[in-house]
Amino acid sequence: MRSPRTAALAAILLLASPLAACSSGPAPASTTIGIGVDLPLSGADASVGTSTLDGIKLAVAHANAKGVPGGFTFAVQALDDTQQGVHNPQQGASNVRTLIADDSVLAIIGPYNSNVAAAEIPITNQAGIVQISPSAVSDGLTLGKDAAMLRRANPTVNTFFRVCTTDSRQGSAAARFALDLKLKRAYIVDDNETYGLDLANVFARDFTKLGGTVLGRDHIAPDTQDFKALLLKIKGYKPDFIFFGGTTSTGGGLLRRQMFDVGMGKLAFMGGDGIPDIAEVAKKRADGTYYTVAAPNADLLPAAKRFVAAYKAKFGSDVGPYSANAYAATEVAISAIEQAIVANGNKMPTRAEVLAKIPRNAKNEVHTPIGPISFNKNGDVRKPVISLYAIRNGHSSFIEQLNLSE
Amino acid sequence: MHEFLAQLANGVELGAIYALIALGYTLVYGILELINFAHGDVYTFGSFVALGIFVGLRAAGVLHGAGLILGIAAALIAAIIASALLNAGIERLAYRRLRKAPRLAPLITAIGVSFMLENLIELWQGSAPVPFPNVIPNPQLHIGALEVGVQQIVVVALAIVTMVTLHFFVQRSKLGKAMRAVAQDRDAASLVGINVDRTIAITFLIAGALAGVAGFVGGVSFGSAWFLNGFGAGLRAFTAAVLGGIGNIAGAMLGGFLIGMLESFSTWLIGGQWSNVAVFSVLILVLVFRPSGLLGETLPEKV
């Protein structure tokens, strides 16, 4: 190579050749069944998104190691719904279309966020493909008029399930936890997104019903940097704690952090399962934060202990807040697919056959690290559990759990 | 009263940051009649440089006692130098060759440079917000009915010192005089022996340095840096510059403080979700009723 130009040309040829080989290569083997995944894998939600994806990968690896009926193998096909650093409903919808277009994909795990789920459910409902979210908790995704609207393409069929709980279950559990902690005067802030607003609404309603006092309520604007004006205002009300409906990335992290800048560092701060990663932004200033997670504490279940050990061994890191949920969601999907394969004479089943095998009652429930799972007709878990955690010295510690009736 | 003072102090702190950024818009507009949309991203860059120095120094374990003061100074100076060089580099590469082009061309180039910087910063630092280490202690002081953080006082003092220095530089120094001459009439300035290109480059250097100070101060004050921070902060600062009268240095300072206080008070009195509405309503009202801004001169319209 004597001149830069020939070098560049050679580089282009080198780069191009494997691509050419790819396009003319054989089609993927028909013995592979795709587990489609849509999660936020970059941007502000990257840390929770990636640890959630790892839960899915682990479940798929376990299923493949155990052997799948009919000699099939499962493969994870993960797509990222982040745009400009934030989870994006349009991107989620487009990802789900991509996954549906691939005939080998028999189930979709995801998304992480409720507003993304609201954009995806009409599409998966129309396609009749099983979709299980590990974490989308907004009530309207499965309940009431909102859910009916999402299912209008195919009103008699429900294809959307979630292994997490709903905002209303979580919000009312948070209200009870707060009063248990002797926190009686709340100031409520939310991020004005589907998840945060719902959670804050339910919390406000139940907290008042149970005898707590809501001193005031505020919504924050997207990409706000300065929360001190809001915090100074809240300070004037002298609350026992601030309840935040939203996620770490939509303002929870900065809100908690800036509480120290206006002399409110000792005040308790509480939220839902959108803020378990708050210590990453607020560091030691996250101490005094309480949050609820819609799953049993992994340390209390034997299946969960095995899961945690296997996860640490495979990925070399601690379990993320939704890794176990993702593992459970994937186990449920895989169990339904495997049953459908057997029922179909060890041949590739259709998406409708997989949907028919989703567990619906105590008899066929799937035993997962987050407890036995079966769904009611709305697509929600039949025996929900909510856990309360506190952050101490920058780390989460489990406080107590609440078993809710359906 | 207590709360009013606290909000006022917060508004002044926020305003100081906006004023520093607004000065950059105004300086560049004053000399080139160009709205440098990439300016907000120069601010973001300054934030990340300061953050990087803090993280590095903390890892080295030198951020205690006198080391902390030196560390703060090092982060500030690094942010100033890096942002100044970046801004001057942008001028050299993107704007200088468009000096004789129609005015729309550099404007669109500025928007392009802004997108490019945002994406480069995203590549460099990732798209998640990066927290500042909690290295600077922030004890609360009680002065009469006013309760402020030490950090707040440092932020505002730093901004004011910077602005006063800038004012004297532009009004009294030879270079400042050259800047004003080029702003008034580029051709006439070159006739009396002023190196126009060099003067414009120095203006960009100074504007970038101010963005660096703002980046440092904003990062410390808000506690995090994010690749899109410059967009929101830049728009608010631009509004501040327009409110004060774009091209007018005192106007940018005044506008910055007013916008900061408006944001703080609207959050307090109306609610957090309305602060953007309040700020940008001001932009619209100013453009409709007093396009030259509060301190801008009302020029007769050119026919």
# chains A, B, ... in the order shown; residues from 1 in each chain; ligands from 1
call {"tool": "closest_atom_pairs", "arguments": {"of": "chain A", "to": "chain B", "cutoff": "8 Å", "atoms": "only C-alpha atoms", "output": "tab-separated table"}}
result
residue	atom	partner	partner_atom	distance
A:Ser42	CA	B:Ser127	CA	6.9
A:Gly43	CA	B:Ser127	CA	4.2
A:Ala44	CA	B:Ala128	CA	3.9
A:Asp45	CA	B:Ala128	CA	7.3
A:Ala46	CA	B:Ala128	CA	7.4
A:Gln84	CA	B:Ser127	CA	7.4
A:Gly85	CA	B:Ser127	CA	4.9
A:Asp218	CA	B:Gly271	CA	6.2
A:His219	CA	B:Gln273	CA	5.4
A:Ile220	CA	B:Gln273	CA	4.8
A:Ala221	CA	B:Gln273	CA	4.5
A:Asp223	CA	B:Gly232	CA	7.5
A:Gln225	CA	B:Phe222	CA	6.0
A:Asp226	CA	B:Phe222	CA	6.0
A:Lys228	CA	B:Asn10	CA	6.9
A:Ala229	CA	B:Ser264	CA	5.1
A:Leu230	CA	B:Thr267	CA	6.0
A:Leu232	CA	B:Gln7	CA	6.8
A:Lys233	CA	B:Trp268	CA	5.6
A:Gly236	CA	B:Glu3	CA	6.8
A:Ser249	CA	B:Pro129	CA	7.8
A:Leu254	CA	B:Gly223	CA	7.0
A:Arg257	CA	B:Gly223	CA	7.2
A:Gln258	CA	B:Phe222	CA	7.1
A:Phe260	CA	B:Asn138	CA	7.9
A:Asp261	CA	B:Gly149	CA	6.4
A:Val262	CA	B:Gly149	CA	6.8
A:Gly263	CA	B:Gln140	CA	6.4
A:Glu280	CA	B:Pro131	CA	7.8
A:Val281	CA	B:Pro131	CA	5.3
A:Ala282	CA	B:Pro131	CA	7.4
A:Lys283	CA	B:Asn134	CA	8.0
call {"tool": "write_last_selection", "arguments": {"atoms": "C-alpha atoms", "output": "compact mmCIF listing (two decimals), in the first residue's frame"}}
result
# COMPACT_ATOMS: atom_id res chain seq x y z
CA SER A 42 -28.84 3.45 26.60
CA GLY A 43 -29.35 6.93 27.95
CA ALA A 44 -30.73 7.88 31.31
CA ASP A 45 -32.37 4.49 31.93
CA ALA A 46 -29.41 2.45 30.71
CA GLN A 84 -31.97 11.39 22.60
CA GLY A 85 -31.13 9.75 25.90
CA ASP A 218 -46.51 20.01 42.30
CA HIS A 219 -45.63 18.77 38.83
CA ILE A 220 -42.19 19.34 37.41
CA ALA A 221 -41.40 20.35 33.85
CA ASP A 223 -35.51 18.60 31.77
CA GLN A 225 -32.22 21.37 36.29
CA ASP A 226 -32.99 23.64 39.21
CA LYS A 228 -34.28 24.52 44.57
CA ALA A 229 -37.11 26.96 43.91
CA LEU A 230 -39.60 24.12 44.28
CA LEU A 232 -37.77 26.14 49.04
CA LYS A 233 -41.49 26.37 48.48
CA GLY A 236 -42.31 26.44 53.89
CA SER A 249 -33.92 10.23 35.51
CA LEU A 254 -31.60 15.80 41.24
CA ARG A 257 -29.59 15.78 45.73
CA GLN A 258 -30.64 19.42 45.81
CA PHE A 260 -29.17 19.15 50.70
CA ASP A 261 -28.49 22.52 49.07
CA VAL A 262 -31.50 24.13 50.71
CA GLY A 263 -31.05 22.60 54.14
CA GLU A 280 -26.14 6.52 41.54
CA VAL A 281 -27.10 10.17 41.05
CA ALA A 282 -27.45 11.39 44.63
CA LYS A 283 -24.62 9.21 46.06
call {"tool": "residues_around", "arguments": {"residues": "Thr292 in chain A", "least_positions_apart": "6", "cutoff": "12 Å", "atoms": "only C-alpha atoms", "output": "VMD selection string"}}
result
chain A and resid 164 to 167 169 to 178 199 203 243 to 245 269 to 276 321 385 to 391 396 to 402
call {"tool": "write_last_selection", "arguments": {"atoms": "N, CA and C atoms", "output": "short mmCIF file (atom, residue, chain, number, x, y, z; two decimals), in the first residue's frame"}}
result
data_model
loop_
_atom_site.label_atom_id
_atom_site.label_comp_id
_atom_site.auth_asym_id
_atom_site.auth_seq_id
_atom_site.Cartn_x
_atom_site.Cartn_y
_atom_site.Cartn_z
N CYS A 164 -45.06 -7.29 37.26
CA CYS A 164 -45.00 -6.29 38.32
C CYS A 164 -46.42 -6.00 38.75
N THR A 165 -46.56 -5.09 39.69
CA THR A 165 -47.90 -4.75 40.13
C THR A 165 -48.39 -3.50 39.39
N THR A 166 -49.48 -2.93 39.85
CA THR A 166 -50.02 -1.71 39.23
C THR A 166 -49.67 -0.53 40.12
N ASP A 167 -49.79 0.66 39.53
CA ASP A 167 -49.58 1.89 40.30
C ASP A 167 -50.50 1.95 41.50
N ARG A 169 -51.89 -0.43 43.25
CA ARG A 169 -51.47 -1.31 44.34
C ARG A 169 -50.23 -0.73 45.01
N GLN A 170 -49.30 -0.24 44.20
CA GLN A 170 -48.05 0.28 44.75
C GLN A 170 -48.27 1.58 45.53
N GLY A 171 -49.10 2.45 44.96
CA GLY A 171 -49.38 3.73 45.61
C GLY A 171 -50.04 3.53 46.95
N SER A 172 -51.00 2.59 47.03
CA SER A 172 -51.67 2.42 48.31
C SER A 172 -50.76 1.72 49.30
N ALA A 173 -49.89 0.81 48.81
CA ALA A 173 -48.92 0.20 49.72
C ALA A 173 -47.97 1.27 50.26
N ALA A 174 -47.53 2.19 49.39
CA ALA A 174 -46.62 3.25 49.82
C ALA A 174 -47.28 4.11 50.89
N ALA A 175 -48.58 4.38 50.74
CA ALA A 175 -49.31 5.17 51.73
C ALA A 175 -49.29 4.46 53.08
N ARG A 176 -49.48 3.15 53.07
CA ARG A 176 -49.47 2.40 54.34
C ARG A 176 -48.07 2.37 54.94
N PHE A 177 -47.06 2.18 54.09
CA PHE A 177 -45.68 2.17 54.59
C PHE A 177 -45.34 3.51 55.24
N ALA A 178 -45.73 4.60 54.59
CA ALA A 178 -45.39 5.92 55.10
C ALA A 178 -45.96 6.11 56.50
N LEU A 199 -48.99 7.20 39.91
CA LEU A 199 -48.50 6.77 41.23
C LEU A 199 -48.80 7.85 42.27
N PHE A 203 -51.29 7.55 45.46
CA PHE A 203 -50.70 7.76 46.78
C PHE A 203 -51.48 8.85 47.51
N PHE A 243 -43.09 12.96 48.82
CA PHE A 243 -43.35 11.77 48.02
C PHE A 243 -43.15 12.15 46.56
N PHE A 244 -42.36 11.33 45.84
CA PHE A 244 -42.07 11.66 44.44
C PHE A 244 -42.63 10.58 43.52
N GLY A 245 -43.48 10.98 42.60
CA GLY A 245 -43.98 10.07 41.56
C GLY A 245 -43.17 10.32 40.31
N PHE A 269 -37.53 11.07 52.00
CA PHE A 269 -37.91 11.18 50.59
C PHE A 269 -38.43 9.81 50.18
N MET A 270 -39.60 9.75 49.58
CA MET A 270 -40.17 8.45 49.27
C MET A 270 -40.66 8.43 47.83
N GLY A 271 -40.56 7.26 47.23
CA GLY A 271 -41.05 7.11 45.87
C GLY A 271 -41.37 5.67 45.58
N GLY A 272 -41.70 5.40 44.32
CA GLY A 272 -42.05 4.04 43.93
C GLY A 272 -40.85 3.34 43.32
N ASP A 273 -41.13 2.42 42.42
CA ASP A 273 -40.05 1.61 41.87
C ASP A 273 -39.35 2.31 40.70
N GLY A 274 -39.55 3.63 40.58
CA GLY A 274 -38.81 4.37 39.55
C GLY A 274 -37.49 4.90 40.09
N ILE A 275 -37.26 4.77 41.39
CA ILE A 275 -36.06 5.41 41.95
C ILE A 275 -35.09 4.47 42.69
N PRO A 276 -35.12 3.14 42.43
CA PRO A 276 -34.16 2.31 43.16
C PRO A 276 -32.70 2.65 42.83
N PRO A 321 -32.76 -3.72 39.90
CA PRO A 321 -34.08 -3.70 40.53
C PRO A 321 -35.12 -4.54 39.78
N VAL A 385 -47.15 -8.78 45.65
CA VAL A 385 -46.38 -8.50 46.86
C VAL A 385 -45.64 -7.18 46.64
N ILE A 386 -45.66 -6.30 47.64
CA ILE A 386 -44.91 -5.04 47.53
C ILE A 386 -43.87 -5.01 48.66
N SER A 387 -42.63 -4.66 48.32
CA SER A 387 -41.57 -4.56 49.34
C SER A 387 -41.15 -3.11 49.52
N LEU A 388 -40.77 -2.78 50.74
CA LEU A 388 -40.27 -1.44 51.03
C LEU A 388 -38.77 -1.51 51.29
N TYR A 389 -38.04 -0.61 50.66
CA TYR A 389 -36.60 -0.53 50.86
C TYR A 389 -36.21 0.86 51.35
N ALA A 390 -35.09 0.95 52.06
CA ALA A 390 -34.55 2.26 52.44
C ALA A 390 -33.11 2.31 51.96
N ILE A 391 -32.62 3.51 51.68
CA ILE A 391 -31.21 3.64 51.30
C ILE A 391 -30.43 4.13 52.51
N SER A 396 -29.13 0.05 49.24
CA SER A 396 -30.51 -0.30 49.54
C SER A 396 -30.57 -1.37 50.62
N SER A 397 -31.48 -1.21 51.58
CA SER A 397 -31.71 -2.32 52.49
C SER A 397 -33.22 -2.54 52.64
N PHE A 398 -33.57 -3.82 52.73
CA PHE A 398 -34.97 -4.24 52.77
C PHE A 398 -35.57 -3.91 54.13
N ILE A 399 -36.80 -3.37 54.17
CA ILE A 399 -37.45 -3.04 55.43
C ILE A 399 -38.59 -4.03 55.74
N GLU A 400 -39.59 -4.06 54.88
CA GLU A 400 -40.71 -4.97 55.12
C GLU A 400 -41.46 -5.22 53.82
N GLN A 401 -42.36 -6.23 53.85
CA GLN A 401 -43.17 -6.47 52.66
C GLN A 401 -44.64 -6.56 53.00
N LEU A 402 -45.45 -6.32 51.99
CA LEU A 402 -46.90 -6.28 52.15
C LEU A 402 -47.48 -7.25 51.13
#
call {"tool": "residues_around", "arguments": {"residues": "Thr26 in chain B", "least_positions_apart": "6", "cutoff": "10 Å", "atoms": "only C-alpha atoms", "output": "ChimeraX atom specification"}}
result
/B:32-36,207,237-238,240-242,244-253
call {"tool": "atom_distance", "arguments": {"atom1": "CA of Gly296 in chain B", "atom2": "CA of Ala159 in chain B"}}
result
22.3 Å
call {"tool": "select_by_dssp", "arguments": {"residues": "range 61-235 of chain B", "states": "strand (DSSP E)", "output": "PDB file with C-alpha atoms, in the first residue's frame"}}
result
ATOM      1  CA  VAL B 130     -23.435  12.318  35.023  1.00  0.00           C
ATOM      2  CA  PRO B 131     -23.535  13.303  38.700  1.00  0.00           C
ATOM      3  CA  GLN B 140     -26.385  26.734  55.413  1.00  0.00           C
ATOM      4  CA  LEU B 141     -25.864  30.265  56.739  1.00  0.00           C
ATOM      5  CA  HIS B 142     -28.487  32.350  58.501  1.00  0.00           C
ATOM      6  CA  ILE B 143     -28.199  36.058  57.780  1.00  0.00           C
ATOM      7  CA  LEU B 146     -32.243  34.959  54.928  1.00  0.00           C
ATOM      8  CA  GLU B 147     -30.999  31.388  54.818  1.00  0.00           C
ATOM      9  CA  VAL B 148     -28.471  30.659  52.070  1.00  0.00           C
ATOM     10  CA  GLY B 149     -25.943  27.977  51.259  1.00  0.00           C
ATOM     11  CA  SER B 224     -25.077  16.978  37.415  1.00  0.00           C
ATOM     12  CA  ALA B 225     -24.035  17.397  33.811  1.00  0.00           C
TER      13      ALA B 225
END
call {"tool": "atom_distance", "arguments": {"atom1": "CA of Gly71 in chain A", "atom2": "CA of Ile132 in chain A"}}
result
24.3 Å
call {"tool": "residues_around", "arguments": {"residues": "Ser114 in chain B", "least_positions_apart": "3", "cutoff": "7 Å", "atoms": "only C-alpha atoms", "output": "number ranges by chain"}}
result
B: 37-38, 41, 110-111, 117-118
call {"tool": "residues_around", "arguments": {"residues": "Leu57 in chain B", "least_positions_apart": "5", "cutoff": "7 Å", "atoms": "only C-alpha atoms", "output": "PyMOL selection string"}}
result
chain B and resi 62-63+71
call {"tool": "select_by_dssp", "arguments": {"residues": "range 80-312 of chain A", "states": "helix (DSSP H, G or I)", "output": "VMD selection string"}}
result
chain A and resid 89 to 101 114 to 127 139 to 141 144 to 150 167 to 180 194 to 209 228 to 235 248 to 262 278 to 286 298 to 300 302 to 312
call {"tool": "residues_around", "arguments": {"residues": "Pro155 in chain A", "least_positions_apart": "2", "cutoff": "12 Å", "atoms": "only C-alpha atoms", "output": "list of chain:residue names"}}
result
A:Ile121, A:Pro122, A:Asn125, A:Gln126, A:Gly128, A:Lys145, A:Ala147, A:Ala148, A:Met149, A:Leu150, A:Arg151, A:Arg152, A:Ala153, A:Val157, A:Asn158, A:Thr159, A:Asn378
call {"tool": "write_last_selection", "arguments": {"atoms": "N, CA and C atoms", "output": "compact mmCIF listing (two decimals), in the first residue's frame"}}
result
# COMPACT_ATOMS: atom_id res chain seq x y z
N ILE A 121 -48.89 -1.68 23.14
CA ILE A 121 -49.97 -2.65 23.33
C ILE A 121 -50.92 -2.74 22.13
N PRO A 122 -51.35 -1.61 21.54
CA PRO A 122 -52.24 -1.75 20.37
C PRO A 122 -51.61 -2.59 19.26
N ASN A 125 -51.39 -6.29 20.46
CA ASN A 125 -52.76 -6.78 20.52
C ASN A 125 -53.25 -7.17 19.13
N GLN A 126 -52.96 -6.31 18.16
CA GLN A 126 -53.40 -6.59 16.79
C GLN A 126 -52.70 -7.82 16.23
N GLY A 128 -51.55 -10.27 17.97
CA GLY A 128 -51.85 -11.47 18.75
C GLY A 128 -50.63 -12.13 19.35
N LYS A 145 -61.18 1.78 31.13
CA LYS A 145 -61.43 2.29 29.78
C LYS A 145 -60.13 2.43 28.98
N ALA A 147 -57.40 0.68 29.12
CA ALA A 147 -56.96 -0.62 28.61
C ALA A 147 -57.85 -1.05 27.45
N ALA A 148 -59.15 -0.79 27.56
CA ALA A 148 -60.07 -1.16 26.47
C ALA A 148 -59.70 -0.42 25.19
N MET A 149 -59.29 0.86 25.35
CA MET A 149 -58.87 1.63 24.18
C MET A 149 -57.63 1.01 23.53
N LEU A 150 -56.69 0.57 24.39
CA LEU A 150 -55.45 -0.01 23.86
C LEU A 150 -55.73 -1.31 23.12
N ARG A 151 -56.81 -2.00 23.51
CA ARG A 151 -57.11 -3.30 22.90
C ARG A 151 -58.18 -3.21 21.84
N ARG A 152 -58.42 -2.01 21.30
CA ARG A 152 -59.59 -1.90 20.44
C ARG A 152 -59.45 -2.62 19.11
N ALA A 153 -58.22 -2.91 18.68
CA ALA A 153 -58.07 -3.65 17.42
C ALA A 153 -58.61 -5.07 17.57
N VAL A 157 -59.36 -10.21 22.85
CA VAL A 157 -58.11 -10.89 23.19
C VAL A 157 -57.24 -9.97 24.02
N ASN A 158 -56.64 -10.51 25.08
CA ASN A 158 -55.64 -9.74 25.82
C ASN A 158 -54.29 -10.39 25.63
N THR A 159 -53.34 -9.63 25.10
CA THR A 159 -52.02 -10.20 24.87
C THR A 159 -50.98 -9.60 25.80
N ASN A 378 -57.29 -9.50 33.28
CA ASN A 378 -56.75 -8.22 32.82
C ASN A 378 -55.29 -8.31 32.39
